[in-house]
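Scroll down for the structure; my scribbles are underneath it.
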Amino acid sequence: MLLRRRDVVCREAVELVTDYLAGGLTRRDRARFEHHLTRCRHCREYLDQMRATISVLGRVEPESLAPEVRDELVALYRRWRA
């Protein structure tokens, strides 16, 4: 299958997930993203994983975490951003 310029590829889909879940995509980008999901099981699974993560972490208050857990999460984030 030949990719057309307007097709979303997996790397782009991963970058769009957060905006998609937050409702921040344009109508065109949302349609392109959803079209990609109809053809890509892996990106659908990734989207489901992100929804589950947000659902769980959205209920966690930083104060409820043990200090070592909080430190590890911060360290993971810093390594990811580096």
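Within each chain, counting starts at residue 1; across the structure tokens, chains are named A, B, ... in the order shown, with ligands numbered 1 upward in that order.
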May I have a table of the residues of stretch 45-78 of chain A lying at most 12 Å from stretch 33-40 of chain A, giving each one's closest pair of atoms and their distance in Å to one decimal, counting only C-alpha atoms, ordered by chain and ascending residue number, as JSON lines?
```
{"residue": "A:Glu45", "atom": "CA", "partner": "A:Cys40", "partner_atom": "CA", "distance": 8.8}
{"residue": "A:Tyr46", "atom": "CA", "partner": "A:Leu37", "partner_atom": "CA", "distance": 10.1}
{"residue": "A:Leu47", "atom": "CA", "partner": "A:Leu37", "partner_atom": "CA", "distance": 9.0}
{"residue": "A:Asp48", "atom": "CA", "partner": "A:Leu37", "partner_atom": "CA", "distance": 11.1}
```
Writing out the chosen residues with N, CA and C atoms as a PDB file, in the first residue's frame:
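Now in out.pdb:
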```
ATOM      1  N   GLU A  45      -4.090  -0.462  20.231  1.00  0.00           N
ATOM      2  CA  GLU A  45      -3.655  -0.978  21.531  1.00  0.00           C
ATOM      3  C   GLU A  45      -2.933   0.107  22.326  1.00  0.00           C
ATOM      4  N   TYR A  46      -2.090   0.880  21.661  1.00  0.00           N
ATOM      5  CA  TYR A  46      -1.380   1.969  22.329  1.00  0.00           C
ATOM      6  C   TYR A  46      -2.373   2.995  22.872  1.00  0.00           C
ATOM      7  N   LEU A  47      -3.364   3.351  22.074  1.00  0.00           N
ATOM      8  CA  LEU A  47      -4.398   4.295  22.512  1.00  0.00           C
ATOM      9  C   LEU A  47      -5.139   3.747  23.728  1.00  0.00           C
ATOM     10  N   ASP A  48      -5.490   2.467  23.700  1.00  0.00           N
ATOM     11  CA  ASP A  48      -6.167   1.849  24.846  1.00  0.00           C
ATOM     12  C   ASP A  48      -5.288   1.878  26.089  1.00  0.00           C
TER      13      ASP A  48
END
```
Using only C-alpha atoms, find the one residue out of A:Cys10, A:Val74, A:Pro67, A:Glu61 that sits nearest to A:Arg44. A:Cys10
Restricting the calculation to only C-alpha atoms: of A:Arg70, A:Arg51, A:His42, A:Arg78, which residue gets closest to A:Val17? A:Arg51
Can you check which residues of stretch 9-79 of chain A DSSP gives as alpha helix (DSSP H) on the backbone and send them as a PyMOL selection string? chain A and resi 10-22+27-39+41-57+67-79
